[in-house]
$ cat data05.tsv   # TSV, C-alpha atoms
chain	number	residue	atom	x	y	z
A	1	MET	CA	0.00	0.00	0.00
A	2	THR	CA	1.21	3.48	-0.77
A	3	VAL	CA	1.88	5.59	2.27
A	4	ARG	CA	-0.86	8.18	2.89
A	5	VAL	CA	0.11	11.72	3.83
A	6	GLY	CA	-2.54	14.26	4.79
A	7	VAL	CA	-2.76	17.89	3.71
A	8	VAL	CA	-4.98	20.06	5.87
A	9	VAL	CA	-7.36	22.33	4.00
A	10	PHE	CA	-8.35	25.44	5.93
A	11	PRO	CA	-10.70	28.03	4.47
A	12	GLY	CA	-8.15	30.25	2.75
A	13	SER	CA	-5.51	27.58	2.16
A	14	ASN	CA	-4.24	28.02	-1.39
A	15	CYS	CA	-1.30	25.65	-1.67
A	16	ASP	CA	-3.18	22.50	-0.70
A	17	ARG	CA	-3.50	21.23	-4.28
A	18	ASP	CA	0.14	21.98	-5.05
A	19	THR	CA	1.18	20.21	-1.86
A	20	LEU	CA	-0.96	17.15	-2.65
A	21	ARG	CA	0.64	17.07	-6.08
A	22	GLY	CA	4.14	17.46	-4.60
A	23	LEU	CA	3.50	14.60	-2.19
A	24	GLU	CA	2.30	12.42	-5.07
A	25	LEU	CA	5.52	13.22	-6.94
A	26	ALA	CA	7.41	12.28	-3.78
A	27	GLY	CA	5.76	8.86	-3.73
A	28	ALA	CA	2.83	9.29	-1.35
A	29	GLU	CA	-0.91	9.19	-1.70
A	30	GLY	CA	-2.03	12.71	-0.80
A	31	VAL	CA	-5.13	12.91	1.38
A	32	ALA	CA	-7.00	16.19	1.81
A	33	LEU	CA	-8.10	16.77	5.44
A	34	TRP	CA	-10.88	19.33	5.93
A	35	HIS	CA	-10.38	21.77	8.82
A	36	GLU	CA	-13.64	20.80	10.51
A	37	GLN	CA	-12.80	17.14	10.84
A	38	GLY	CA	-11.61	15.95	14.20
A	39	SER	CA	-9.63	12.95	12.93
A	40	LEU	CA	-6.70	12.58	10.55
A	41	ASP	CA	-8.13	9.56	8.66
A	42	GLY	CA	-5.18	7.42	9.70
A	43	VAL	CA	-2.56	9.26	7.63
A	44	ALA	CA	1.12	8.60	8.37
A	45	ALA	CA	2.14	12.28	8.32
A	46	VAL	CA	0.46	15.66	8.02
A	47	VAL	CA	1.37	18.78	6.06
A	48	LEU	CA	-0.13	22.19	6.85
A	49	PRO	CA	-0.02	24.00	3.51
A	50	GLY	CA	0.49	27.62	2.57
A	51	GLY	CA	-2.25	30.16	2.07
A	52	PHE	CA	-4.21	32.50	4.26
A	53	ALA	CA	-6.10	30.26	6.69
A	54	TYR	CA	-9.21	32.07	7.94
A	55	GLY	CA	-8.07	35.13	6.03
A	56	ASP	CA	-5.05	35.59	8.33
A	57	TYR	CA	-7.41	37.65	10.48
A	58	LEU	CA	-6.17	38.76	13.90
A	59	ARG	CA	-2.71	37.21	13.29
A	60	ALA	CA	-1.61	34.79	10.61
A	61	GLY	CA	-2.32	31.26	11.81
A	62	VAL	CA	-4.00	32.02	15.11
A	63	ILE	CA	-7.62	31.24	14.21
A	64	ALA	CA	-6.59	28.04	12.43
A	65	ARG	CA	-4.89	26.99	15.63
A	66	PHE	CA	-8.28	26.50	17.32
A	67	SER	CA	-9.88	24.47	14.51
A	68	PRO	CA	-11.00	20.87	15.16
A	69	VAL	CA	-8.38	19.42	12.83
A	70	MET	CA	-5.61	21.20	14.74
A	71	ARG	CA	-6.66	19.48	17.96
A	72	ALA	CA	-6.12	16.21	16.10
A	73	VAL	CA	-2.80	17.44	14.66
A	74	SER	CA	-1.60	18.46	18.15
A	75	ALA	CA	-2.49	15.04	19.55
A	76	PHE	CA	-0.80	13.37	16.58
A	77	ALA	CA	2.36	15.44	17.12
A	78	ALA	CA	2.32	14.65	20.84
A	79	GLU	CA	2.45	10.96	19.94
A	80	GLY	CA	5.48	11.55	17.74
A	81	GLY	CA	3.60	11.89	14.44
A	82	LEU	CA	5.37	13.76	11.64
A	83	VAL	CA	4.01	17.24	10.91
A	84	LEU	CA	5.39	19.74	8.39
A	85	GLY	CA	4.12	23.31	8.12
A	86	ILE	CA	4.87	25.28	4.98
A	87	CYS	CA	4.56	29.09	4.96
A	88	ASN	CA	1.10	29.75	6.46
A	89	GLY	CA	1.33	26.21	7.85
A	90	PHE	CA	4.52	27.26	9.67
A	91	GLN	CA	2.65	30.28	11.05
A	92	VAL	CA	-0.14	27.98	12.29
A	93	LEU	CA	2.39	25.65	13.98
A	94	ALA	CA	4.11	28.62	15.65
A	95	GLU	CA	0.82	30.05	16.91
A	96	ALA	CA	-0.13	26.61	18.21
A	97	GLY	CA	3.18	26.37	20.05
A	98	LEU	CA	4.08	23.19	18.15
A	99	VAL	CA	7.31	24.80	16.94
A	100	PRO	CA	9.21	27.56	18.77
A	101	GLY	CA	9.17	31.25	17.87
A	102	ALA	CA	6.87	33.56	15.97
A	103	LEU	CA	6.62	34.96	12.46
A	104	LEU	CA	6.53	38.75	12.34
A	105	ARG	CA	5.68	41.05	9.49
A	106	ASN	CA	8.52	41.19	6.96
A	107	ARG	CA	11.00	43.87	7.96
A	108	GLY	CA	10.58	45.59	4.62
A	109	LEU	CA	6.79	45.57	5.20
A	110	ARG	CA	6.07	44.21	1.73
A	111	PHE	CA	4.56	40.91	0.76
A	112	LEU	CA	7.40	39.07	-0.99
A	113	GLY	CA	6.87	36.60	-3.80
A	114	ARG	CA	10.22	35.57	-5.21
A	115	GLU	CA	12.86	32.89	-5.36
A	116	VAL	CA	15.25	32.42	-2.45
A	117	ARG	CA	17.95	29.97	-1.48
A	118	ILE	CA	18.02	28.02	1.72
A	119	ALA	CA	20.31	25.34	3.10
A	120	ALA	CA	19.53	22.57	5.53
A	121	GLU	CA	21.43	22.84	8.80
A	122	ARG	CA	20.76	19.18	9.46
A	123	VAL	CA	20.29	16.29	7.07
A	124	ASP	CA	19.56	13.70	9.75
A	125	THR	CA	15.91	14.63	10.27
A	126	PRO	CA	12.68	13.14	8.84
A	127	PHE	CA	12.34	16.31	6.76
A	128	THR	CA	15.84	16.50	5.30
A	129	SER	CA	17.29	12.98	5.16
A	130	LEU	CA	17.43	13.10	1.34
A	131	VAL	CA	18.69	16.68	1.12
A	132	ALA	CA	22.31	16.97	-0.02
A	133	ASP	CA	24.45	18.30	2.82
A	134	GLY	CA	25.01	22.05	2.60
A	135	ARG	CA	23.72	22.43	-0.95
A	136	PRO	CA	21.71	25.63	-1.48
A	137	LEU	CA	18.12	24.80	-2.39
A	138	ARG	CA	16.31	27.13	-4.76
A	139	MET	CA	12.60	27.64	-4.11
A	140	PRO	CA	10.06	30.45	-3.88
A	141	ILE	CA	8.74	32.38	-0.93
A	142	ALA	CA	5.35	34.10	-0.93
A	143	HIS	CA	4.54	35.75	2.37
A	144	GLY	CA	3.95	39.00	4.22
A	145	GLU	CA	4.73	37.71	7.71
A	146	GLY	CA	7.83	35.55	7.51
A	147	CYS	CA	10.33	37.30	9.73
A	148	TYR	CA	11.32	34.62	12.20
A	149	TYR	CA	11.53	35.87	15.76
A	150	ALA	CA	12.54	34.44	19.11
A	151	ASP	CA	14.44	36.24	21.85
A	152	ASP	CA	18.21	35.83	22.01
A	153	THR	CA	18.09	33.31	24.83
A	154	ALA	CA	15.63	31.18	22.90
A	155	LEU	CA	17.69	31.49	19.70
A	156	ASP	CA	20.83	30.37	21.53
A	157	GLU	CA	18.93	27.41	22.88
A	158	LEU	CA	17.57	26.51	19.42
A	159	GLU	CA	21.07	26.59	17.97
A	160	ARG	CA	22.46	24.53	20.82
A	161	ALA	CA	19.70	21.92	20.53
A	162	GLY	CA	20.02	21.67	16.75
A	163	GLN	CA	16.50	22.97	16.13
A	164	VAL	CA	17.46	25.35	13.35
A	165	LEU	CA	16.50	23.31	10.29
A	166	PHE	CA	16.94	25.76	7.39
A	167	ARG	CA	18.68	29.09	6.93
A	168	TYR	CA	18.54	31.59	4.09
A	169	VAL	CA	21.80	31.51	2.16
A	170	HIS	CA	23.46	33.24	-0.79
A	171	GLU	CA	23.81	31.51	-4.14
A	172	ASP	CA	27.19	30.16	-3.07
A	173	GLY	CA	25.74	28.69	0.10
A	174	VAL	CA	27.15	31.31	2.45
A	175	ARG	CA	24.73	32.09	5.26
A	176	ALA	CA	22.69	35.25	4.73
A	177	GLY	CA	23.16	38.19	7.04
A	178	ALA	CA	20.55	39.90	9.14
A	179	GLU	CA	18.42	42.88	8.16
A	180	GLY	CA	19.44	44.49	4.89
A	181	ASP	CA	20.91	41.39	3.24
A	182	PRO	CA	18.65	40.63	0.27
A	183	ALA	CA	19.44	36.92	0.68
A	184	ASN	CA	17.50	37.10	3.98
A	185	PRO	CA	14.36	38.50	2.38
A	186	ASN	CA	12.19	39.06	5.43
A	187	GLY	CA	14.85	39.95	7.98
A	188	SER	CA	14.56	36.72	9.97
A	189	ALA	CA	16.59	36.42	13.16
A	190	ARG	CA	19.88	34.67	12.37
A	191	ALA	CA	18.59	34.07	8.83
A	192	ILE	CA	16.36	31.25	10.08
A	193	ALA	CA	14.00	29.93	7.39
A	194	GLY	CA	12.80	26.79	9.18
A	195	VAL	CA	12.86	25.20	12.63
A	196	LEU	CA	12.19	21.89	14.36
A	197	ASN	CA	10.43	21.24	17.64
A	198	ALA	CA	12.53	19.82	20.48
A	199	ARG	CA	11.47	16.25	19.75
A	200	GLY	CA	12.32	16.57	16.07
A	201	ASN	CA	8.98	15.37	14.66
A	202	VAL	CA	7.43	18.75	13.83
A	203	ALA	CA	9.00	21.23	11.42
A	204	GLY	CA	8.03	24.50	9.79
A	205	LEU	CA	9.58	26.55	7.02
A	206	MET	CA	8.56	29.68	5.14
A	207	PRO	CA	9.76	28.78	1.60
A	208	HIS	CA	7.61	26.52	-0.56
A	209	PRO	CA	9.17	23.12	-1.42
A	210	GLU	CA	5.94	22.07	-3.18
A	211	ARG	CA	6.37	24.97	-5.61
A	212	ALA	CA	9.79	23.61	-6.49
A	213	ALA	CA	8.87	19.95	-6.85
A	214	ASP	CA	8.75	19.58	-10.60
A	215	ALA	CA	11.14	20.69	-13.35
A	216	VAL	CA	8.26	22.43	-15.09
A	217	LEU	CA	8.09	24.81	-12.10
A	218	GLY	CA	11.69	25.86	-12.65
A	219	SER	CA	13.21	23.95	-9.74
A	220	GLU	CA	13.05	20.50	-8.23
A	221	ASP	CA	15.00	21.48	-5.13
A	222	GLY	CA	11.93	21.13	-2.93
A	223	LEU	CA	11.37	17.52	-3.87
A	224	PRO	CA	14.07	16.05	-1.58
A	225	ILE	CA	12.29	17.66	1.38
A	226	LEU	CA	8.95	16.13	0.42
A	227	ARG	CA	10.60	12.79	-0.36
A	228	SER	CA	12.36	12.80	3.01
A	229	LEU	CA	9.00	13.32	4.71
A	230	VAL	CA	7.26	10.64	2.62
A	231	ASN	CA	10.04	8.12	3.30
A	232	ALA	CA	9.98	8.84	7.03
A	233	ALA	CA	6.18	8.58	7.04
A	234	ALA	CA	6.39	5.26	5.19
A	235	ARG	CA	8.84	3.93	7.76
A	236	ALA	CA	6.57	5.12	10.56
A	237	ALA	CA	3.58	3.39	8.95
A	238	GLY	CA	5.49	0.26	7.99
A	239	GLU	CA	4.71	0.88	4.34
A	240	ALA	CA	6.78	1.62	1.27
A	241	PRO	CA	6.75	4.80	-0.75
A	242	ARG	CA	5.59	4.20	-4.31
A	243	GLN	CA	8.37	3.27	-6.72
A	244	LEU	CA	9.55	6.43	-8.38
A	245	VAL	CA	10.98	6.89	-11.81
A	246	GLY	CA	12.81	10.12	-11.09
A	247	SER	CA	11.04	13.29	-12.10
A	248	ALA	CA	9.57	11.53	-15.12
A	249	ASN	CA	6.79	10.44	-12.82
A	250	ARG	CA	3.73	12.14	-14.22
A	251	ALA	CA	0.93	10.15	-12.68
A	252	PRO	CA	-2.25	12.20	-12.51
A	253	VAL	CA	-3.20	13.32	-9.04
A	254	ALA	CA	-6.42	12.08	-7.55
A	255	VAL	CA	-7.59	14.85	-5.26
A	256	GLY	CA	-10.54	14.22	-3.00
A	257	PRO	CA	-13.41	16.64	-2.60
A	258	GLY	CA	-12.90	19.80	-0.55
B	1	MET	CA	-26.07	37.30	34.42
B	2	SER	CA	-25.18	40.68	33.15
B	3	ALA	CA	-23.47	42.00	30.06
B	4	HIS	CA	-20.07	43.63	30.32
B	5	ARG	CA	-18.32	45.45	27.53
B	6	PHE	CA	-14.53	45.49	27.24
B	7	ALA	CA	-11.82	46.60	24.93
B	8	VAL	CA	-8.50	44.79	24.61
B	9	ASN	CA	-5.60	46.83	23.28
B	10	VAL	CA	-2.78	44.74	21.84
B	11	LEU	CA	0.64	46.20	21.05
B	12	PRO	CA	4.00	44.80	19.98
B	13	LYS	CA	6.14	44.29	23.09
B	14	ASP	CA	8.92	46.75	23.81
B	15	GLY	CA	11.99	45.72	21.92
B	16	ILE	CA	10.05	43.84	19.23
B	17	LEU	CA	10.54	45.43	15.85
B	18	ASP	CA	7.31	47.07	14.73
B	19	PRO	CA	7.69	47.67	11.00
B	20	GLN	CA	4.22	49.23	10.78
B	21	GLY	CA	5.06	51.73	13.50
B	22	ARG	CA	8.36	52.46	11.81
B	23	ALA	CA	6.66	53.03	8.45
B	24	VAL	CA	4.08	55.34	10.01
B	25	GLU	CA	6.79	57.27	11.80
B	26	GLY	CA	8.76	57.52	8.58
B	27	SER	CA	5.78	59.07	6.82
B	28	LEU	CA	5.31	61.89	9.32
B	29	GLY	CA	7.82	64.10	7.56
B	30	HIS	CA	5.53	64.11	4.54
B	31	LEU	CA	2.85	65.73	6.71
B	32	GLY	CA	5.25	68.41	7.81
B	33	VAL	CA	4.99	67.22	11.42
B	34	ALA	CA	8.16	67.18	13.50
B	35	GLY	CA	8.99	65.96	16.98
B	36	VAL	CA	6.97	62.73	16.90
B	37	SER	CA	8.64	59.47	17.85
B	38	GLY	CA	7.97	56.10	19.42
B	39	VAL	CA	5.06	55.22	17.10
B	40	ARG	CA	3.72	51.72	17.76
B	41	VAL	CA	0.86	50.17	15.80
B	42	GLY	CA	-1.32	47.52	17.39
B	43	ARG	CA	-4.92	46.36	17.31
B	44	ARG	CA	-8.00	46.82	19.43
B	45	VAL	CA	-10.68	44.20	20.03
B	46	GLU	CA	-14.01	45.18	21.60
B	47	LEU	CA	-16.36	42.55	22.97
B	48	THR	CA	-19.36	41.96	25.21
B	49	VAL	CA	-19.27	39.14	27.77
B	50	GLU	CA	-22.31	37.74	29.61
B	51	ALA	CA	-21.26	36.62	33.08
B	52	GLY	CA	-22.35	36.58	36.70
B	53	SER	CA	-20.18	39.51	37.63
B	54	GLU	CA	-17.74	42.01	36.20
B	55	ALA	CA	-14.87	40.01	37.71
B	56	GLU	CA	-16.01	36.79	36.02
B	57	ALA	CA	-16.40	38.57	32.74
B	58	ARG	CA	-12.96	40.10	33.06
B	59	ALA	CA	-11.42	36.70	33.74
B	60	ILE	CA	-12.88	35.43	30.46
B	61	VAL	CA	-11.49	38.45	28.63
B	62	GLU	CA	-8.07	37.87	30.24
B	63	GLN	CA	-8.05	34.32	28.91
B	64	LEU	CA	-9.11	35.36	25.40
B	65	ALA	CA	-6.60	38.19	25.35
B	66	ALA	CA	-3.75	35.88	26.37
B	67	GLU	CA	-4.65	32.94	24.12
B	68	LEU	CA	-6.26	34.47	21.07
B	69	PHE	CA	-6.04	38.25	20.74
B	70	SER	CA	-2.31	38.42	21.52
B	71	ASN	CA	0.73	36.22	21.06
B	72	PRO	CA	2.58	36.44	24.39
B	73	LEU	CA	5.93	35.94	22.66
B	74	ILE	CA	5.68	39.19	20.75
B	75	GLU	CA	2.72	41.22	22.05
B	76	SER	CA	1.37	42.68	25.27
B	77	PHE	CA	-2.22	43.60	25.98
B	78	ALA	CA	-4.23	45.87	28.25
B	79	ILE	CA	-7.92	45.44	29.07
B	80	GLU	CA	-10.25	48.36	29.63
B	81	SER	CA	-13.88	48.39	30.75
B	82	MET	CA	-16.32	50.16	28.48
B	83	PRO	CA	-19.81	51.57	29.12
B	84	ALA	CA	-22.49	48.86	29.45
B	85	VAL	CA	-24.10	47.60	26.28
B	86	GLY	CA	-26.90	49.87	25.18
B	87	ALA	CA	-25.73	52.76	27.30
B	88	GLY	CA	-25.34	55.80	25.12
B	89	ARG	CA	-26.21	53.93	21.94
$ encode --input "data05.tsv" --output "structure tokens"
Amino acid sequence: MTVRVGVVVFPGSNCDRDTLRGLELAGAEGVALWHEQGSLDGVAAVVLPGGFAYGDYLRAGVIARFSPVMRAVSAFAAEGGLVLGICNGFQVLAEAGLVPGALLRNRGLRFLGREVRIAAERVDTPFTSLVADGRPLRMPIAHGEGCYYADDTALDELERAGQVLFRYVHEDGVRAGAEGDPANPNGSARAIAGVLNARGNVAGLMPHPERAADAVLGSEDGLPILRSLVNAAARAAGEAPRQLVGSANRAPVAVGPG
Amino acid sequence: MSAHRFAVNVLPKDGILDPQGRAVEGSLGHLGVAGVSGVRVGRRVELTVEAGSEAEARAIVEQLAAELFSNPLIESFAIESMPAVGAGR
């Protein structure tokens, strides 16, 4: 059986279809999970996709945090289940306290939709096991509130505990600077683009791996992240990821209703 | 039970960069206004709570303010009582 990975659909999610497609390309069966459902339909991992859940009203991610599906996601994460939040999904995880820190308005105030480069700080996690060590990954960002923030004590602790998962880097892989360095587009603290929770089973990042999961999109650098997750989910579920034929895999995506 | 009206004012904590406040402050020169600084931009939530007493109602507002209206990592809040519902309307 192909491993099943869920993608939560909040009102206002807009990357759910892309993420389902990316997961299919990574060898999983993508399962759409509606925000009002209180169960995760037995999926082996969950992705919170990008978008503007509940219109981003009040603060990005906060209203989604209290939805029925997020209660199920929190319980799943507490049992060690794999959860990945992308962009708005990262904001939801941060608001829910499932990953450390907060996402502030971009320092330059503008919504940014453009390509960036990030590098994985660790390649021994369920989210990065297939990512080449240190190689800059090219993928887009599309957000208005992506400036990662935690206080200095918390940042020191994250670094010490190995919870910094991705950082913004220059084309040559050199770590981006702080405010003012265009390679760190939103002014994130210590150029942090993605973090892990302490247990290592929940991760969030602002860039969009699912928008860089197919050569036709201009980059396939996001695919190793999705494949890492699918492989880890398959191991967790005792199932195998579907046999892949590189990026030539063009199986049509079956997307459920809603 | 009685109805109690509150406002919750949420602001970025001291020391947290407030790009909106900075942008507003930066625009003041265009208005020809000088001598203004320390601009912070936040949000205000007004709500009515039915409860047995003002203290009970305030406790509910405290909880909502801490869990929903503000993110304690980056924002602080202050609660103020407002005139009773219907009064003056």
$ closest_atom_pairs --input "data05.tsv" --of "chain A" --to "chain B" --cutoff "12 Å" --atoms "all atoms listed in the file" --output "CSV"
residue,atom,partner,partner_atom,distance
A:Tyr57,CA,B:Phe69,CA,10.4
A:Leu58,CA,B:Phe69,CA,6.9
A:Arg59,CA,B:Phe69,CA,8.2
A:Ala60,CA,B:Asn71,CA,10.8
A:Gly61,CA,B:Leu68,CA,10.6
A:Val62,CA,B:Leu68,CA,6.8
A:Ile63,CA,B:Leu68,CA,7.7
A:Ala64,CA,B:Leu68,CA,10.8
A:Arg65,CA,B:Leu68,CA,9.3
A:Phe66,CA,B:Leu68,CA,9.0
A:Gln91,CA,B:Asn71,CA,11.8
A:Ala94,CA,B:Asn71,CA,9.9
A:Glu95,CA,B:Asn71,CA,7.4
A:Ala96,CA,B:Glu67,CA,9.8
A:Gly97,CA,B:Asn71,CA,10.2
A:Pro100,CA,B:Leu73,CA,9.8
A:Gly101,CA,B:Leu73,CA,7.4
A:Ala102,CA,B:Leu73,CA,7.2
A:Leu103,CA,B:Ile74,CA,9.4
A:Leu104,CA,B:Ile74,CA,8.5
A:Arg105,CA,B:Pro19,CA,7.1
A:Asn106,CA,B:Pro19,CA,7.7
A:Arg107,CA,B:Pro19,CA,5.9
A:Gly108,CA,B:Pro19,CA,7.3
A:Leu109,CA,B:Pro19,CA,6.2
A:Arg110,CA,B:Pro19,CA,10.0
A:Gly144,CA,B:Pro19,CA,11.6
A:Glu145,CA,B:Pro19,CA,10.9
A:Cys147,CA,B:Leu17,CA,10.2
A:Tyr148,CA,B:Ile74,CA,11.2
A:Tyr149,CA,B:Ile74,CA,8.4
A:Ala150,CA,B:Leu73,CA,7.7
A:Asp151,CA,B:Leu73,CA,8.6
A:Asp152,CA,B:Gly15,CA,11.7
A:Ala154,CA,B:Leu73,CA,10.8
A:Glu179,CA,B:Leu17,CA,11.3
A:Asn186,CA,B:Pro19,CA,11.2
A:Gly187,CA,B:Leu17,CA,10.5
A:Ser188,CA,B:Leu17,CA,11.3
A:Ala189,CA,B:Leu17,CA,11.2
$ closest_residue --input "data05.tsv" --among "A:Pro207, A:Pro126, A:Pro49, A:Gly38" --to "Ala233 of chain A" --atoms "all atoms listed in the file"
A:Pro126
$ residues_around --input "data05.tsv" --residues "Ser76 of chain B" --least-positions-apart "6" --cutoff "6 Å" --atoms "all atoms listed in the file" --output "short mmCIF file (atom, residue, chain, number, x, y, z; two decimals) with C-alpha atoms, in the frame of the given file"
data_model
loop_
_atom_site.label_atom_id
_atom_site.label_comp_id
_atom_site.auth_asym_id
_atom_site.auth_seq_id
_atom_site.Cartn_x
_atom_site.Cartn_y
_atom_site.Cartn_z
CA VAL B 10 -2.78 44.74 21.84
CA LEU B 11 0.64 46.20 21.05
CA LYS B 13 6.14 44.29 23.09
#
$ atom_distance --input "data05.tsv" --atom1 "atom CA of Gly89 of chain A" --atom2 "atom CA of Leu48 of chain A"
4.4 Å
$ atom_distance --input "data05.tsv" --atom1 "atom CA of Met70 of chain A" --atom2 "atom CA of Val43 of chain A"
14.2 Å
$ closest_residue --input "data05.tsv" --among "A:Ala215, A:Ala237, A:Val83, A:Cys15" --to "Gly42 of chain A" --atoms "all atoms listed in the file"
A:Ala237
$ closest_residue --input "data05.tsv" --among "A:Met206, A:Ile225, A:Val123, A:Ile118" --to "Phe166 of chain A" --atoms "only C-alpha atoms"
A:Ile118
